[in-house]
Amino acid sequence: MKIVIIAICLLGVTFAGSAVLRRSHGEPWQAGMKGFAVVELFTSEGCSSCPPADALIARVQQEDKDLPVYVLAFHVDYWDRLGWKDAFSDAVYSDRQRRYAAWLKLPSIYTPQVVVNGQKEFVGSEAGTLYGAIKNALQQTDGPQLVLSGLRLNGERLDWTCRTEGGMAKRDNYSLVVAVVQRAATTQVRRGENGGKTLSHVQIVRGLEMSTLDGQGQRAGQLAWPAGLAPADGEVIAFLQNQDNGQIVAASRSAVAP
């Protein structure tokens with residue numbers, strides 16, 4: 001499939017603030033509810049349309065820090081040849097975005113793009129659409145639960161354990177996706193479309209692994225821990241994803257023990 005890269009430019013993007021975000025979520029999320037939102041942003045430091053989307057997910061991350069809203073920023077690499085190499089970019093993340101193009105039957109990939117729970121995609125700086133998608137995701141009431149535990153650094157490797165609880169009768173077409181996430185960073189961009197700007201990022205994906213659950217709905221594994229990243233500055237997000245259609249059915253996060 002031929003993939004066309006499109007950069008979407010939006011003017012006049014404004015951020016609604018915490019009051020609007022809370023209104024968009026409707027009734028407060030309560031312990032025991034099963035709704036969640038995995039928010040994936042595909043972005044690049046080489047794209048002039050991306051900073052508003054980066055700022056929007058930073059706002060969401062702050063406003064929803066106590067809710068089951070899991071933000072992951074994937075820095076794609078296809079902008080790297082256009083004047084500035086994004087130090088956080090990886091071809092693996094571009095491949096993940098292309099997989100979404102196939103799942104969601106899209107004619108192209110672009111930045112900035114947001115995908116929520118693997119099912120709804122839109123331009124990453126569309127605040128109202130993002131708030132609405134999070135609200136709808138949090139209101140879901142059924143599905144399995146994913147428990148992420150046992151996180152501990154072992155030299156340059158991170159040990160982790162996942163298990164599912166309830167509502168997971170069939171597992172053979174699901175992948176367990178585990179991501180190491182850096183909470184925040186800033187970059188002085190010297191060339192390209194954002195040349196001369198200092199960009200701020202949140203929830204930067206620094207490592208990604210896909211595996212499968214065993215017959216008991218469990219999996220233990222290891223991930224490379226990014227050099228120089230303090231445990232307190234990172235976290236791990238895991239989720240279960242249907243490989244037939246991209247739907248994410250459970251998610252969890254955990255801090256890392258040093």
# chains A, B, ... in the order shown; residues from 1 in each chain; ligands from 1
>>> residues_around(residues="segment 221-238 of chain A", least_positions_apart="5", cutoff="6 Å", atoms="only C-alpha atoms", output="PyMOL selection string")
chain A and resi 156-160+177-183+251-256+258
>>> residues_around(residues="segment 124-130 of chain A", least_positions_apart="4", cutoff="6 Å", atoms="only C-alpha atoms", output="list in words")
Pro52, Ala53, Pro112, Gln113 and Val114 of chain A
>>> residues_around(residues="Gly192 of chain A", least_positions_apart="2", cutoff="7 Å", atoms="only C-alpha atoms", output="PyMOL selection string")
chain A and resi 46+82-84+194-195
>>> closest_residue(among="A:Gln139, A:Val71, A:Tyr174, A:Ile204", to="Thr186 of chain A", atoms="only C-alpha atoms")
A:Ile204
>>> atom_distance(atom1="atom CA of Asp64 of chain A", atom2="atom CA of Thr161 of chain A")
25.1 Å
>>> atom_distance(atom1="atom CA of Asp66 of chain A", atom2="atom CA of Ile134 of chain A")
13.7 Å
>>> select_by_dssp(residues="segment 24-77 of chain A", states="alpha helix (DSSP H)", output="number ranges by chain")
A: 24-25, 50-63
>>> write_last_selection(atoms="C-alpha atoms", output="PDB file, in the first residue's frame")
ATOM      1  CA  SER A  24     -16.707  17.158  28.255  1.00  0.00           C
ATOM      2  CA  HIS A  25     -16.145  14.129  30.460  1.00  0.00           C
ATOM      3  CA  CYS A  50       2.745  19.445  15.631  1.00  0.00           C
ATOM      4  CA  PRO A  51       3.517  21.844  18.555  1.00  0.00           C
ATOM      5  CA  PRO A  52      -0.200  22.715  19.094  1.00  0.00           C
ATOM      6  CA  ALA A  53      -0.989  18.999  19.334  1.00  0.00           C
ATOM      7  CA  ASP A  54       1.927  18.455  21.728  1.00  0.00           C
ATOM      8  CA  ALA A  55       0.581  21.305  23.867  1.00  0.00           C
ATOM      9  CA  LEU A  56      -2.931  19.860  23.824  1.00  0.00           C
ATOM     10  CA  ILE A  57      -1.921  16.416  25.065  1.00  0.00           C
ATOM     11  CA  ALA A  58       0.252  18.081  27.724  1.00  0.00           C
ATOM     12  CA  ARG A  59      -2.874  19.854  28.942  1.00  0.00           C
ATOM     13  CA  VAL A  60      -4.872  16.617  28.885  1.00  0.00           C
ATOM     14  CA  GLN A  61      -2.083  14.817  30.711  1.00  0.00           C
ATOM     15  CA  GLN A  62      -2.135  17.392  33.494  1.00  0.00           C
ATOM     16  CA  GLU A  63      -5.910  17.707  33.761  1.00  0.00           C
TER      17      GLU A  63
END
>>> residues_around(residues="Trp79 of chain A", least_positions_apart="4", cutoff="12 Å", atoms="only C-alpha atoms", output="list in words")
Ile5, Ile6, Ala7, Phe42, Thr43, Ser44, Glu45, Gly46, Cys47, Ser48, Cys50, His75, Gly83, Trp84, Lys85, Asp86, Ala87, Phe88, Ser89, Asp90, Ala91, Ser94, Tyr110, Thr111, Pro112, Arg191, Gly192, Glu193 and Asn194 of chain A
>>> select_by_dssp(residues="segment 68-193 of chain A", states="strand (DSSP E or B)", output="NGL selection string")
:A and (69-75 or 108-111 or 113-116 or 120-123 or 145-154 or 157-165 or 174-188)
>>> write_last_selection(atoms="C-alpha atoms", output="PDB file, in the first residue's frame")
ATOM      1  CA  VAL A  69      -6.260   8.329  30.591  1.00  0.00           C
ATOM      2  CA  TYR A  70      -3.034   6.943  29.136  1.00  0.00           C
ATOM      3  CA  VAL A  71      -1.141   9.334  26.853  1.00  0.00           C
ATOM      4  CA  LEU A  72       1.608   8.123  24.526  1.00  0.00           C
ATOM      5  CA  ALA A  73       3.496  10.391  22.109  1.00  0.00           C
ATOM      6  CA  PHE A  74       5.064   8.479  19.225  1.00  0.00           C
ATOM      7  CA  HIS A  75       7.683  10.545  17.375  1.00  0.00           C
ATOM      8  CA  SER A 108      -2.613   8.149   4.121  1.00  0.00           C
ATOM      9  CA  ILE A 109      -0.713   8.899   7.309  1.00  0.00           C
ATOM     10  CA  TYR A 110      -0.094  12.404   8.596  1.00  0.00           C
ATOM     11  CA  THR A 111       1.095  14.455  11.549  1.00  0.00           C
ATOM     12  CA  GLN A 113      -2.584  12.461  14.310  1.00  0.00           C
ATOM     13  CA  VAL A 114      -4.335  11.167  17.442  1.00  0.00           C
ATOM     14  CA  VAL A 115      -5.874   7.717  17.827  1.00  0.00           C
ATOM     15  CA  VAL A 116      -8.055   6.962  20.876  1.00  0.00           C
ATOM     16  CA  LYS A 120     -11.127   6.843  16.510  1.00  0.00           C
ATOM     17  CA  GLU A 121      -8.558   8.970  14.694  1.00  0.00           C
ATOM     18  CA  PHE A 122      -8.435  12.703  14.012  1.00  0.00           C
ATOM     19  CA  VAL A 123      -6.111  15.684  13.693  1.00  0.00           C
ATOM     20  CA  GLN A 145      -8.977  -5.372  33.279  1.00  0.00           C
ATOM     21  CA  LEU A 146      -5.194  -5.317  32.841  1.00  0.00           C
ATOM     22  CA  VAL A 147      -2.869  -5.310  35.843  1.00  0.00           C
ATOM     23  CA  LEU A 148       0.728  -4.153  35.352  1.00  0.00           C
ATOM     24  CA  SER A 149       3.063  -4.981  38.232  1.00  0.00           C
ATOM     25  CA  GLY A 150       6.530  -6.089  39.272  1.00  0.00           C
ATOM     26  CA  LEU A 151       8.311  -3.211  37.557  1.00  0.00           C
ATOM     27  CA  ARG A 152      11.920  -3.008  38.628  1.00  0.00           C
ATOM     28  CA  LEU A 153      15.148  -1.950  36.949  1.00  0.00           C
ATOM     29  CA  ASN A 154      17.692  -4.729  36.609  1.00  0.00           C
ATOM     30  CA  ARG A 157      16.733  -3.816  31.636  1.00  0.00           C
ATOM     31  CA  LEU A 158      13.271  -3.315  33.085  1.00  0.00           C
ATOM     32  CA  ASP A 159      11.397  -6.333  34.437  1.00  0.00           C
ATOM     33  CA  TRP A 160       7.591  -6.257  34.164  1.00  0.00           C
ATOM     34  CA  THR A 161       4.590  -8.524  34.677  1.00  0.00           C
ATOM     35  CA  CYS A 162       1.051  -8.254  33.274  1.00  0.00           C
ATOM     36  CA  ARG A 163      -2.126 -10.207  33.885  1.00  0.00           C
ATOM     37  CA  THR A 164      -5.761  -9.879  32.868  1.00  0.00           C
ATOM     38  CA  GLU A 165      -8.788 -10.091  35.107  1.00  0.00           C
ATOM     39  CA  TYR A 174      -4.758  -9.899  20.961  1.00  0.00           C
ATOM     40  CA  SER A 175      -1.300  -8.418  21.459  1.00  0.00           C
ATOM     41  CA  LEU A 176       0.061  -7.080  24.716  1.00  0.00           C
ATOM     42  CA  VAL A 177       1.763  -3.763  23.966  1.00  0.00           C
ATOM     43  CA  VAL A 178       4.204  -2.456  26.605  1.00  0.00           C
ATOM     44  CA  ALA A 179       5.750   1.024  26.285  1.00  0.00           C
ATOM     45  CA  VAL A 180       8.450   2.823  28.257  1.00  0.00           C
ATOM     46  CA  VAL A 181       7.402   6.473  28.473  1.00  0.00           C
ATOM     47  CA  GLN A 182       9.472   9.538  29.386  1.00  0.00           C
ATOM     48  CA  ARG A 183       7.231  11.992  31.209  1.00  0.00           C
ATOM     49  CA  ALA A 184       8.674  15.237  29.790  1.00  0.00           C
ATOM     50  CA  ALA A 185      11.507  16.770  27.751  1.00  0.00           C
ATOM     51  CA  THR A 186      12.435  19.954  25.907  1.00  0.00           C
ATOM     52  CA  THR A 187      14.388  20.316  22.676  1.00  0.00           C
ATOM     53  CA  GLN A 188      16.001  23.320  21.017  1.00  0.00           C
TER      54      GLN A 188
END
>>> atom_distance(atom1="atom CA of Val39 of chain A", atom2="atom CA of Trp103 of chain A")
16.3 Å
>>> closest_residue(among="A:Lys135, A:Val38, A:Arg81, A:Ala102", to="Ile248 of chain A", atoms="only C-alpha atoms")
A:Val38
>>> closest_residue(among="A:Leu41, A:Ala257, A:Val202, A:Val249", to="Asp142 of chain A", atoms="only C-alpha atoms")
A:Val249
>>> decode(residues="segment 65-202 of chain A", atoms="C-alpha atoms", output="PDB file, in the first residue's frame")
ATOM      1  CA  LYS A  65      -3.576  12.790  35.716  1.00  0.00           C
ATOM      2  CA  ASP A  66      -5.862  11.081  38.251  1.00  0.00           C
ATOM      3  CA  LEU A  67      -8.074   9.420  35.620  1.00  0.00           C
ATOM      4  CA  PRO A  68      -7.435   6.261  33.558  1.00  0.00           C
ATOM      5  CA  VAL A  69      -6.260   8.329  30.591  1.00  0.00           C
ATOM      6  CA  TYR A  70      -3.034   6.943  29.136  1.00  0.00           C
ATOM      7  CA  VAL A  71      -1.141   9.334  26.853  1.00  0.00           C
ATOM      8  CA  LEU A  72       1.608   8.123  24.526  1.00  0.00           C
ATOM      9  CA  ALA A  73       3.496  10.391  22.109  1.00  0.00           C
ATOM     10  CA  PHE A  74       5.064   8.479  19.225  1.00  0.00           C
ATOM     11  CA  HIS A  75       7.683  10.545  17.375  1.00  0.00           C
ATOM     12  CA  VAL A  76       7.703   9.285  13.783  1.00  0.00           C
ATOM     13  CA  ASP A  77      10.822   9.279  11.633  1.00  0.00           C
ATOM     14  CA  TYR A  78       9.561  10.227   8.158  1.00  0.00           C
ATOM     15  CA  TRP A  79      10.123  13.935   8.858  1.00  0.00           C
ATOM     16  CA  ASP A  80      13.785  13.361   9.749  1.00  0.00           C
ATOM     17  CA  ARG A  81      15.003  13.763   6.169  1.00  0.00           C
ATOM     18  CA  LEU A  82      13.449  17.214   5.852  1.00  0.00           C
ATOM     19  CA  GLY A  83      15.985  19.313   7.730  1.00  0.00           C
ATOM     20  CA  TRP A  84      15.834  18.177  11.349  1.00  0.00           C
ATOM     21  CA  LYS A  85      16.283  14.732  12.916  1.00  0.00           C
ATOM     22  CA  ASP A  86      13.976  14.230  15.884  1.00  0.00           C
ATOM     23  CA  ALA A  87      16.072  12.546  18.594  1.00  0.00           C
ATOM     24  CA  PHE A  88      12.974  10.717  19.894  1.00  0.00           C
ATOM     25  CA  SER A  89      11.911   9.394  16.491  1.00  0.00           C
ATOM     26  CA  ASP A  90      11.932   5.734  15.535  1.00  0.00           C
ATOM     27  CA  ALA A  91      10.918   3.834  12.408  1.00  0.00           C
ATOM     28  CA  VAL A  92       8.992   1.435  14.677  1.00  0.00           C
ATOM     29  CA  TYR A  93       6.606   4.268  15.566  1.00  0.00           C
ATOM     30  CA  SER A  94       6.087   5.177  11.915  1.00  0.00           C
ATOM     31  CA  ASP A  95       5.304   1.503  11.228  1.00  0.00           C
ATOM     32  CA  ARG A  96       2.749   1.567  14.045  1.00  0.00           C
ATOM     33  CA  GLN A  97       1.046   4.554  12.444  1.00  0.00           C
ATOM     34  CA  ARG A  98       0.967   2.749   9.100  1.00  0.00           C
ATOM     35  CA  ARG A  99      -0.667  -0.192  10.833  1.00  0.00           C
ATOM     36  CA  TYR A 100      -3.413   2.157  11.988  1.00  0.00           C
ATOM     37  CA  ALA A 101      -3.858   3.339   8.409  1.00  0.00           C
ATOM     38  CA  ALA A 102      -4.575  -0.277   7.469  1.00  0.00           C
ATOM     39  CA  TRP A 103      -6.816  -0.976  10.476  1.00  0.00           C
ATOM     40  CA  LEU A 104      -8.858   2.195  10.028  1.00  0.00           C
ATOM     41  CA  LYS A 105      -8.818   2.043   6.210  1.00  0.00           C
ATOM     42  CA  LEU A 106      -7.146   5.434   5.814  1.00  0.00           C
ATOM     43  CA  PRO A 107      -5.625   6.513   2.488  1.00  0.00           C
ATOM     44  CA  SER A 108      -2.613   8.149   4.121  1.00  0.00           C
ATOM     45  CA  ILE A 109      -0.713   8.899   7.309  1.00  0.00           C
ATOM     46  CA  TYR A 110      -0.094  12.404   8.596  1.00  0.00           C
ATOM     47  CA  THR A 111       1.095  14.455  11.549  1.00  0.00           C
ATOM     48  CA  PRO A 112      -0.191  15.388  13.984  1.00  0.00           C
ATOM     49  CA  GLN A 113      -2.584  12.461  14.310  1.00  0.00           C
ATOM     50  CA  VAL A 114      -4.335  11.167  17.442  1.00  0.00           C
ATOM     51  CA  VAL A 115      -5.874   7.717  17.827  1.00  0.00           C
ATOM     52  CA  VAL A 116      -8.055   6.962  20.876  1.00  0.00           C
ATOM     53  CA  ASN A 117      -8.447   3.354  22.010  1.00  0.00           C
ATOM     54  CA  GLY A 118      -7.309   2.212  18.580  1.00  0.00           C
ATOM     55  CA  GLN A 119     -10.667   3.085  16.995  1.00  0.00           C
ATOM     56  CA  LYS A 120     -11.127   6.843  16.510  1.00  0.00           C
ATOM     57  CA  GLU A 121      -8.558   8.970  14.694  1.00  0.00           C
ATOM     58  CA  PHE A 122      -8.435  12.703  14.012  1.00  0.00           C
ATOM     59  CA  VAL A 123      -6.111  15.684  13.693  1.00  0.00           C
ATOM     60  CA  GLY A 124      -4.112  15.879  16.920  1.00  0.00           C
ATOM     61  CA  SER A 125      -4.786  19.559  17.628  1.00  0.00           C
ATOM     62  CA  GLU A 126      -8.618  19.236  17.521  1.00  0.00           C
ATOM     63  CA  ALA A 127      -9.329  19.873  21.206  1.00  0.00           C
ATOM     64  CA  GLY A 128     -13.089  19.381  21.112  1.00  0.00           C
ATOM     65  CA  THR A 129     -12.801  16.083  19.246  1.00  0.00           C
ATOM     66  CA  LEU A 130     -10.191  14.816  21.685  1.00  0.00           C
ATOM     67  CA  TYR A 131     -12.232  15.790  24.737  1.00  0.00           C
ATOM     68  CA  GLY A 132     -15.299  14.098  23.292  1.00  0.00           C
ATOM     69  CA  ALA A 133     -13.392  10.920  22.464  1.00  0.00           C
ATOM     70  CA  ILE A 134     -11.979  10.750  26.003  1.00  0.00           C
ATOM     71  CA  LYS A 135     -15.441  11.291  27.478  1.00  0.00           C
ATOM     72  CA  ASN A 136     -16.923   8.471  25.413  1.00  0.00           C
ATOM     73  CA  ALA A 137     -14.068   6.127  26.243  1.00  0.00           C
ATOM     74  CA  LEU A 138     -14.325   6.750  29.986  1.00  0.00           C
ATOM     75  CA  GLN A 139     -18.039   5.958  29.922  1.00  0.00           C
ATOM     76  CA  GLN A 140     -17.534   2.395  28.678  1.00  0.00           C
ATOM     77  CA  THR A 141     -18.632  -0.112  31.298  1.00  0.00           C
ATOM     78  CA  ASP A 142     -17.543  -3.603  30.262  1.00  0.00           C
ATOM     79  CA  GLY A 143     -14.350  -5.377  29.258  1.00  0.00           C
ATOM     80  CA  PRO A 144     -11.325  -7.020  30.837  1.00  0.00           C
ATOM     81  CA  GLN A 145      -8.977  -5.372  33.279  1.00  0.00           C
ATOM     82  CA  LEU A 146      -5.194  -5.317  32.841  1.00  0.00           C
ATOM     83  CA  VAL A 147      -2.869  -5.310  35.843  1.00  0.00           C
ATOM     84  CA  LEU A 148       0.728  -4.153  35.352  1.00  0.00           C
ATOM     85  CA  SER A 149       3.063  -4.981  38.232  1.00  0.00           C
ATOM     86  CA  GLY A 150       6.530  -6.089  39.272  1.00  0.00           C
ATOM     87  CA  LEU A 151       8.311  -3.211  37.557  1.00  0.00           C
ATOM     88  CA  ARG A 152      11.920  -3.008  38.628  1.00  0.00           C
ATOM     89  CA  LEU A 153      15.148  -1.950  36.949  1.00  0.00           C
ATOM     90  CA  ASN A 154      17.692  -4.729  36.609  1.00  0.00           C
ATOM     91  CA  GLY A 155      20.789  -3.008  35.265  1.00  0.00           C
ATOM     92  CA  GLU A 156      19.819  -1.628  31.849  1.00  0.00           C
ATOM     93  CA  ARG A 157      16.733  -3.816  31.636  1.00  0.00           C
ATOM     94  CA  LEU A 158      13.271  -3.315  33.085  1.00  0.00           C
ATOM     95  CA  ASP A 159      11.397  -6.333  34.437  1.00  0.00           C
ATOM     96  CA  TRP A 160       7.591  -6.257  34.164  1.00  0.00           C
ATOM     97  CA  THR A 161       4.590  -8.524  34.677  1.00  0.00           C
ATOM     98  CA  CYS A 162       1.051  -8.254  33.274  1.00  0.00           C
ATOM     99  CA  ARG A 163      -2.126 -10.207  33.885  1.00  0.00           C
ATOM    100  CA  THR A 164      -5.761  -9.879  32.868  1.00  0.00           C
ATOM    101  CA  GLU A 165      -8.788 -10.091  35.107  1.00  0.00           C
ATOM    102  CA  GLY A 166     -12.250 -10.927  33.785  1.00  0.00           C
ATOM    103  CA  GLY A 167     -13.925 -10.735  30.402  1.00  0.00           C
ATOM    104  CA  MET A 168     -11.105 -12.209  28.323  1.00  0.00           C
ATOM    105  CA  ALA A 169     -12.329 -15.545  27.023  1.00  0.00           C
ATOM    106  CA  LYS A 170     -10.413 -15.340  23.716  1.00  0.00           C
ATOM    107  CA  ARG A 171      -6.824 -14.111  23.620  1.00  0.00           C
ATOM    108  CA  ASP A 172      -5.264 -15.505  20.455  1.00  0.00           C
ATOM    109  CA  ASN A 173      -5.914 -12.409  18.323  1.00  0.00           C
ATOM    110  CA  TYR A 174      -4.758  -9.899  20.961  1.00  0.00           C
ATOM    111  CA  SER A 175      -1.300  -8.418  21.459  1.00  0.00           C
ATOM    112  CA  LEU A 176       0.061  -7.080  24.716  1.00  0.00           C
ATOM    113  CA  VAL A 177       1.763  -3.763  23.966  1.00  0.00           C
ATOM    114  CA  VAL A 178       4.204  -2.456  26.605  1.00  0.00           C
ATOM    115  CA  ALA A 179       5.750   1.024  26.285  1.00  0.00           C
ATOM    116  CA  VAL A 180       8.450   2.823  28.257  1.00  0.00           C
ATOM    117  CA  VAL A 181       7.402   6.473  28.473  1.00  0.00           C
ATOM    118  CA  GLN A 182       9.472   9.538  29.386  1.00  0.00           C
ATOM    119  CA  ARG A 183       7.231  11.992  31.209  1.00  0.00           C
ATOM    120  CA  ALA A 184       8.674  15.237  29.790  1.00  0.00           C
ATOM    121  CA  ALA A 185      11.507  16.770  27.751  1.00  0.00           C
ATOM    122  CA  THR A 186      12.435  19.954  25.907  1.00  0.00           C
ATOM    123  CA  THR A 187      14.388  20.316  22.676  1.00  0.00           C
ATOM    124  CA  GLN A 188      16.001  23.320  21.017  1.00  0.00           C
ATOM    125  CA  VAL A 189      15.274  22.755  17.341  1.00  0.00           C
ATOM    126  CA  ARG A 190      17.938  24.276  15.118  1.00  0.00           C
ATOM    127  CA  ARG A 191      16.702  23.473  11.611  1.00  0.00           C
ATOM    128  CA  GLY A 192      13.632  22.444   9.683  1.00  0.00           C
ATOM    129  CA  GLU A 193      10.083  23.813   9.954  1.00  0.00           C
ATOM    130  CA  ASN A 194      10.471  24.460  13.701  1.00  0.00           C
ATOM    131  CA  GLY A 195      14.011  25.827  13.465  1.00  0.00           C
ATOM    132  CA  GLY A 196      14.823  28.306  16.236  1.00  0.00           C
ATOM    133  CA  LYS A 197      12.030  27.091  18.541  1.00  0.00           C
ATOM    134  CA  THR A 198      12.241  25.342  21.898  1.00  0.00           C
ATOM    135  CA  LEU A 199       9.704  22.529  21.928  1.00  0.00           C
ATOM    136  CA  SER A 200       8.198  20.852  24.992  1.00  0.00           C
ATOM    137  CA  HIS A 201       7.054  17.249  24.960  1.00  0.00           C
ATOM    138  CA  VAL A 202       5.213  14.937  27.352  1.00  0.00           C
TER     139      VAL A 202
END
